[in-house]
Structure formats: structure tokens, C-alpha cells
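J.: Please see the structure below; I have some questions.
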Amino acid sequence: MLGHARKREIEVDWTFYCILKQPGAMDEKARALGARVIHSPVPIVRKAEFVRALRMELRRGEYDVLHCHHDIVSAVYLLAASGMPIRRRIVHVHNADEAVLTPSRLKQHLYREPMRRVCLFMADRIVGISNHTLDTFLAGRARRPQRDSVHYYGLDPTPFENIAADRAEFRRQWELPEDALILLFGGRLVPEKNPVFAVDVLANLRCIEPRAVAVFAGAGSQEPDILVRARELGMENSVRLLGWRNDMPEIMSCSDWFILPHPEHPVEGFGVAVVEAQLAGLRMLLSRGIPDDPLLPTACCRRLPLSGGSKEWAIAAMELLRNPAPSRVAAQAALRKSPMNMDQALNGLLALHT
């Protein structure tokens with residue numbers, strides 16, 4: 001959004017206050033775009049010291065807007081800003097898991113509702129990245145006009161326009177058969193994304209279509225589990241783990257299906273990769289843990305229950321394959337008309353600050 005504002009010659013003065021000491025992957029890009037990037041001198045787990053450090057920065061910077069992106073934990077930032085002359089205080093909710101920063105389940109239970117109430121009472125705006133995310137955070141409360149709203153991520157379709165992806169070269173690079181049909185999992189390889197289920201789907205899919213293979217673009221704690229499951233099913237030669245990638249548009253364009261078997265509880269906040277898969281012209285296999293919001297009118301997908309089992313998912317994959325691949329041009333046109341359009345998303349974001 002900062003980069004898009006600069007392209008549109010809209011002046012914004014943003015500071016990013018990060019809770020981690022080490023530099024982030026986007027630090028220098030943000031600074032190059034004219035933003036300040038500050039890393040907290042103390043970790044958030046040292047609560048009192050963290051609040052004091054943040055309060056000192058809020059006083060020093062004389063900020064007009066405090067835009068918190070830490071879901072329920074945003075209560076900590078609001079408390080740090082208590083009594084300060086900040087014109088707008090926003091809690092931006094990105095996930096529906098309502099995580100509290102403690103490994104203790106008892107403390108999570110005890111802290112969750114008081115922190116939610118702090119957010120609801122002290123924030124001028126509560127913003128969710130999808131309808132489900134916002135309603136989960138409100139926990140049964142009615143949306144308040146002018147205070148509680150949905151703001152979708154803006155997505156830039158440019159990387160997906162005129163992609164010159166070489167499907168044959170991609171298969172040669174990863175030692176896959178030239179006629180391989182690729183089932184792509186793109187994202188963090190962690191339990192909350194359920195990547196191991198994709199291996200089970202592949203095993204059933206290969207019983208119907210022997211050319212099918214699975215490619216995992218991402219990294220995470222379940223990398224070993226994916227490989228173990230692949231070996232158990234005799235699929236190790238048909239699975240590729242690519243690690244973190246910066247060329248997802250090209251990888252998607254070389255694939256045939258996109259799969260995201262996210263657990264159904266809690267529901268995914270908003271699937272950016274789901275939108276990207278549509279822009280790449282992929283057929284999609286999605287669990288019911290994916291909200292409706294990321295789906296464009298042009299989507300070619302099947303929404304399936306995880307309880308139906310991996311065989312049902314494999315059958316659905318083949319049914320999708322019988323249809324023509326969805327149009328990238330149509331998906332890009334649909335995105336331009338949606339709230340995920342970059343201009344519309346930026347305008348909505350700036351409106352939150354006024």
C-alpha cells in the first residue's frame with residue numbers, strides 16, 4: 001500500500017513499529033519508500049518494559065494515528081497509548097484464531113475476553129480483513145456503523161499479466177515428467193495449513209491419473225511430516241518441496257491445480273494465495289475453512305469438507321480438470337472491479353485514518 005501510494009503521488013507519513021529486534025525482509029524496501037522502521041528495544045513478552053518503550057516512541061513521534069495489526073494483542077498497544085493525544089486508534093484484525101501470546105491455555109482463556117473488550121472500548125475503528133474475521137472478533141456483537149468494517153487486502157495483478165512461464169522447463173528443473181500434472185500447495189507448511197492432507201489427496205489422485213505430482217512451495221515445521229507421509233504412501237518420487245519462493249506467479253502458471261485444505265476451525269482469515277491462484281488461471285481445491293471473500297466471480301473451484309476424505313478431493317480434482325482452465329484475463333478484470341483492487345484498497349485504508 002505504501003508503494004502504491006507513492007506511485008499515485010499520495011503523500012503518507014508512516015512509521016512501522018516492529019515487535020522483533022532483528023531486521024525484517026521488508027525493512028529496507030519500506031525505508032526506500034520513505035517510511036521509518038523502528039524495532040522495539042525489548043520483546044513484547046516483557047510486557048511492562050515493552051509498554052514503556054512504545055509509550056516513549058508514541059510521545060516522541062507525536063503520531064496522529066495508531067494502526068494496530070496484532071488482532072486481540074492490539075490491546076497492549078492501545079493501553080500503551082492510553083491518555084495520549086492520538087486522533088485515531090485502529091485495531092486491524094488479520095486472523096480468526098484469536099491467539100494470545102502465551103503457551104498457557106489457561107492464561108489464553110483468561111486474557112482473551114478482557115483484551116477483546118479493551119480493543120472494542122479503546123479503538124475508534126475495528127477492521128477485519130474478511131467478513132468472517134471481523135464477525136469472529138466481535139464475538140456475536142452487532143457491527144457498529146462507522147466503527148466496525150471490512151477492509152480487504154489490495155492485490156497487484158501485474159506479476160500475473162503476460163507471464164512467460166515455461167511449463168516444460170519447470171518440470172525439467174525439478175526432474176518431473178514432461179507430461180506431469182502439478183497439484184500445487186503454496187504457503188506455510190504448518191499444521192494450521194494442513195499440508196500433509198495434500199499428500200493423501202495426491203495418493204488417491206494418482207490412482208486415477210498417474211501423471212499427477214505434488215509441489216509444495218513454502219517452508220515450515222511440517223516439511224519432515226510431508227516427506228514421511230509421502231514415503232509411507234510410496235509417493236516420495238512424486239513430491240517436490242521447493243522451499244520459500246519469490247516467483248510464485250511463475251510457479252502457479254506452471255501448475256494445474258491449487259490445493260488449500262485449511263482446517264475448518266478456525267477459518268482462514270483471508271487467503272491471499274487463493275486470489276493469486278485465480279489470477280494464475282488455476283483450478284482450486286479448497287476446504288470449508290476458506291472464507292468466500294477471496295473468491296472472484298470467475299473462480300473455478302470446489303469447496304470440500306475435510307471429513308469427506310482425500311479420495312473425494314481427488315475425484316473433485318479430476319472433475320475440475322475436465323473443464324477448460326479458467327481465464328486469467330477474466331480473473332484480472334474481476335479483480336479490478338472488486339474491493340481488492342489496489343486503488344480501492346488504498347483509498348479505503350486512507351479513509352480509516354481520517
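Residue numbers start at 1 in each chain; chains themselves are named A, B, ... in the order of the C-alpha cells; ligands are numbered from 1 in the order shown.
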Using only C-alpha atoms, which residues sit within 8 Å of His262 (chain A) once same-chain residues fewer than 5 positions away are excluded, as a PyMOL selection string?

T.: chain A and resi 192-194+267-268+286-290

J.: What are the DSSP strand (DSSP E or B) residues of region 199-343 of chain A, as a list in words?

T.: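 Matching residues, listed in order: Ala212, Val213, Ala214, Val215, Phe216, Ala217, Val239, Arg240, Leu241, Trp257, Phe258, Ile259, Leu260, Arg283, Met284, Leu285, Leu286, Ser287, Cys301, Arg302, Arg303 and Leu304 of chain A.
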
J.: How would the residues just picked look written out with C-alpha atoms as a PDB file, in the first residue's frame?

T.:
```pdb
ATOM      1  CA  ALA A 212      -0.232 -36.283 -11.087  1.00  0.00           C
ATOM      2  CA  VAL A 213       2.531 -34.958  -8.808  1.00  0.00           C
ATOM      3  CA  ALA A 214       2.533 -32.570  -5.841  1.00  0.00           C
ATOM      4  CA  VAL A 215       4.686 -29.462  -5.474  1.00  0.00           C
ATOM      5  CA  PHE A 216       4.969 -27.617  -2.143  1.00  0.00           C
ATOM      6  CA  ALA A 217       6.156 -24.015  -2.393  1.00  0.00           C
ATOM      7  CA  VAL A 239       6.541 -34.949  -4.288  1.00  0.00           C
ATOM      8  CA  ARG A 240       8.766 -31.865  -4.517  1.00  0.00           C
ATOM      9  CA  LEU A 241       9.468 -29.361  -1.726  1.00  0.00           C
ATOM     10  CA  TRP A 257      -4.390 -27.312  -9.554  1.00  0.00           C
ATOM     11  CA  PHE A 258      -4.049 -25.265  -6.387  1.00  0.00           C
ATOM     12  CA  ILE A 259      -4.923 -27.005  -3.121  1.00  0.00           C
ATOM     13  CA  LEU A 260      -5.528 -25.466   0.285  1.00  0.00           C
ATOM     14  CA  ARG A 283      -8.364 -24.806 -10.745  1.00  0.00           C
ATOM     15  CA  MET A 284      -8.714 -24.779  -6.967  1.00  0.00           C
ATOM     16  CA  LEU A 285      -9.457 -27.402  -4.318  1.00  0.00           C
ATOM     17  CA  LEU A 286     -10.404 -25.603  -1.112  1.00  0.00           C
ATOM     18  CA  SER A 287     -11.630 -26.724   2.267  1.00  0.00           C
ATOM     19  CA  CYS A 301     -13.074 -24.294  -7.611  1.00  0.00           C
ATOM     20  CA  ARG A 302     -14.563 -26.985  -5.439  1.00  0.00           C
ATOM     21  CA  ARG A 303     -15.240 -26.396  -1.742  1.00  0.00           C
ATOM     22  CA  LEU A 304     -14.971 -29.698   0.079  1.00  0.00           C
TER      23      LEU A 304
END
```

J.: Contacts of region 141-147 of chain A at 9 Å or less, counting only C-alpha atoms, minus same-chain residues fewer than 3 places along, as a list in words?

T.: Ala123, Asp124, Arg125, Ile126, Val127, Leu134, Asp135, Phe137 and Leu138 of chain A

J.: Quick one: everything within 12 Å of Arg112 (chain A), counting only C-alpha atoms, minus sequence neighbours fewer than 2 positions away in the same chain. Send it as a list in words.

T.: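 Everything that qualifies: Asp71, Ile72, Val73, Ser74, Ala75, Val76, Asp97, Glu98, Ala99, Val100, Leu101, Thr102, Ser104, Arg105, Leu106, Lys107, Gln108, His109, Leu110, Pro114, Met115, Arg116, Arg117, Val118, Cys119, Phe137 and Ala139 of chain A.
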
J.: Neighbours of Ala219 (chain A) within 10 Å (only C-alpha atoms; same-chain residues fewer than 2 positions away dropped), as a list in words?

T.: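 Answer for this query is Gly186, Gly187, Arg188, Leu189, Val190, Phe216, Ala217, Ser221, Gln222, Glu223, Leu241, Leu242, Gly243, Trp244 and Arg245 of chain A.
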
J.: Got time to write the residues from that selection, N, CA and C atoms, as a PDB file, in the first residue's frame?

T.:
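Output contents, as saved in part_24.pdb:
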```pdb
ATOM      1  N   GLY A 186       0.752 -23.884  -1.985  1.00  0.00           N
ATOM      2  CA  GLY A 186       1.584 -22.700  -1.805  1.00  0.00           C
ATOM      3  C   GLY A 186       1.286 -22.027  -0.485  1.00  0.00           C
ATOM      4  N   GLY A 187       2.264 -21.954   0.405  1.00  0.00           N
ATOM      5  CA  GLY A 187       2.052 -21.314   1.699  1.00  0.00           C
ATOM      6  C   GLY A 187       2.916 -21.944   2.766  1.00  0.00           C
ATOM      7  N   ARG A 188       2.705 -21.517   4.008  1.00  0.00           N
ATOM      8  CA  ARG A 188       3.480 -22.056   5.119  1.00  0.00           C
ATOM      9  C   ARG A 188       3.145 -23.526   5.338  1.00  0.00           C
ATOM     10  N   LEU A 189       4.157 -24.322   5.547  1.00  0.00           N
ATOM     11  CA  LEU A 189       3.966 -25.755   5.773  1.00  0.00           C
ATOM     12  C   LEU A 189       3.869 -25.996   7.272  1.00  0.00           C
ATOM     13  N   VAL A 190       2.709 -25.639   7.809  1.00  0.00           N
ATOM     14  CA  VAL A 190       2.469 -25.693   9.249  1.00  0.00           C
ATOM     15  C   VAL A 190       1.114 -26.356   9.491  1.00  0.00           C
ATOM     16  N   PHE A 216       5.206 -28.445  -3.315  1.00  0.00           N
ATOM     17  CA  PHE A 216       4.969 -27.617  -2.143  1.00  0.00           C
ATOM     18  C   PHE A 216       5.916 -26.424  -2.205  1.00  0.00           C
ATOM     19  N   ALA A 217       5.360 -25.243  -2.362  1.00  0.00           N
ATOM     20  CA  ALA A 217       6.156 -24.015  -2.393  1.00  0.00           C
ATOM     21  C   ALA A 217       5.954 -23.296  -1.072  1.00  0.00           C
ATOM     22  N   SER A 221       7.272 -26.084   9.803  1.00  0.00           N
ATOM     23  CA  SER A 221       7.556 -27.196  10.707  1.00  0.00           C
ATOM     24  C   SER A 221       7.115 -28.547  10.159  1.00  0.00           C
ATOM     25  N   GLN A 222       6.205 -28.577   9.188  1.00  0.00           N
ATOM     26  CA  GLN A 222       5.692 -29.852   8.703  1.00  0.00           C
ATOM     27  C   GLN A 222       6.407 -30.385   7.459  1.00  0.00           C
ATOM     28  N   GLU A 223       7.511 -29.774   7.086  1.00  0.00           N
ATOM     29  CA  GLU A 223       8.293 -30.317   5.962  1.00  0.00           C
ATOM     30  C   GLU A 223       8.660 -31.785   6.197  1.00  0.00           C
ATOM     31  N   LEU A 241       9.517 -30.481  -2.659  1.00  0.00           N
ATOM     32  CA  LEU A 241       9.468 -29.361  -1.726  1.00  0.00           C
ATOM     33  C   LEU A 241      10.431 -28.290  -2.217  1.00  0.00           C
ATOM     34  N   LEU A 242       9.890 -27.122  -2.576  1.00  0.00           N
ATOM     35  CA  LEU A 242      10.709 -26.084  -3.196  1.00  0.00           C
ATOM     36  C   LEU A 242      11.262 -25.074  -2.207  1.00  0.00           C
ATOM     37  N   GLY A 243      10.744 -25.067  -0.963  1.00  0.00           N
ATOM     38  CA  GLY A 243      11.151 -24.050  -0.001  1.00  0.00           C
ATOM     39  C   GLY A 243      10.473 -22.721  -0.306  1.00  0.00           C
ATOM     40  N   TRP A 244      10.907 -21.668   0.432  1.00  0.00           N
ATOM     41  CA  TRP A 244      10.336 -20.348   0.190  1.00  0.00           C
ATOM     42  C   TRP A 244      10.703 -19.856  -1.193  1.00  0.00           C
ATOM     43  N   ARG A 245       9.754 -19.244  -1.867  1.00  0.00           N
ATOM     44  CA  ARG A 245       9.976 -18.794  -3.236  1.00  0.00           C
ATOM     45  C   ARG A 245       9.483 -17.358  -3.406  1.00  0.00           C
TER      46      ARG A 245
END
```

J.: So how far away is CA of Asp179 (chain A) from CA of Ile226 (chain A), in Å?

T.: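 Going from CA of Ile226 (chain A) over to CA of Asp179 (chain A), I get 23.5 Å.
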
J.: Please indicate the distance in Å from CA of Ala80 (chain A) to CA of Ala48 (chain A), rounded to one decimal place.

T.: 9.4 Å

J.: Kindly indicate which residue among A:Leu227, A:Ala165, A:Met26, A:Cys300 lies nearest to Asn323 (chain A), using only C-alpha atoms for the distances.

T.: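 That would be A:Cys300, the residue with the smallest distance to Asn323 (chain A).
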
J.: Excluding region 8-13 of chain A and any residue of its chain fewer than 6 positions from it, enumerate the residues within 8 Å of it, using only C-alpha atoms, and give them as a list of chain:residue names.

T.: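 The filter keeps A:Leu2, A:Gly34, A:Ala35.
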
J.: Of the candidates A:Pro177, A:Pro326, A:Pro249, A:Pro23, which shows the shortest atom-to-atom distance to Asn237 (chain A), using only C-alpha atoms?

T.: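 Nearest candidate to Asn237 (chain A) out of A:Pro177, A:Pro326, A:Pro249, A:Pro23: A:Pro177.
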
J.: Residues near region 344-346 of chain A, anyone? I mean within 12 Å using only C-alpha atoms, not counting same-chain ones fewer than 4 positions away, as a count of residues only.

T.: 28

J.: Determine the nearest neighbour of Leu205 (chain A) from the options A:Ile90, A:Ala32, A:Asn162, A:Ile182, counting only C-alpha atoms.

T.: A:Ile182

J.: Hey, which of A:Asp200, A:Asp256, A:Glu264, A:Glu319 ends up closest to Leu233 (chain A)? Count only C-alpha atoms.

T.: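 Smallest distance to Leu233 (chain A) is found for A:Asp200.
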
J.: What does the structure give for the distance between CA of Met122 (chain A) and CA of Asp293 (chain A), in Å to one decimal?

T.: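 Interatomic distance, CA of Met122 (chain A) to CA of Asp293 (chain A): 27.8 Å.
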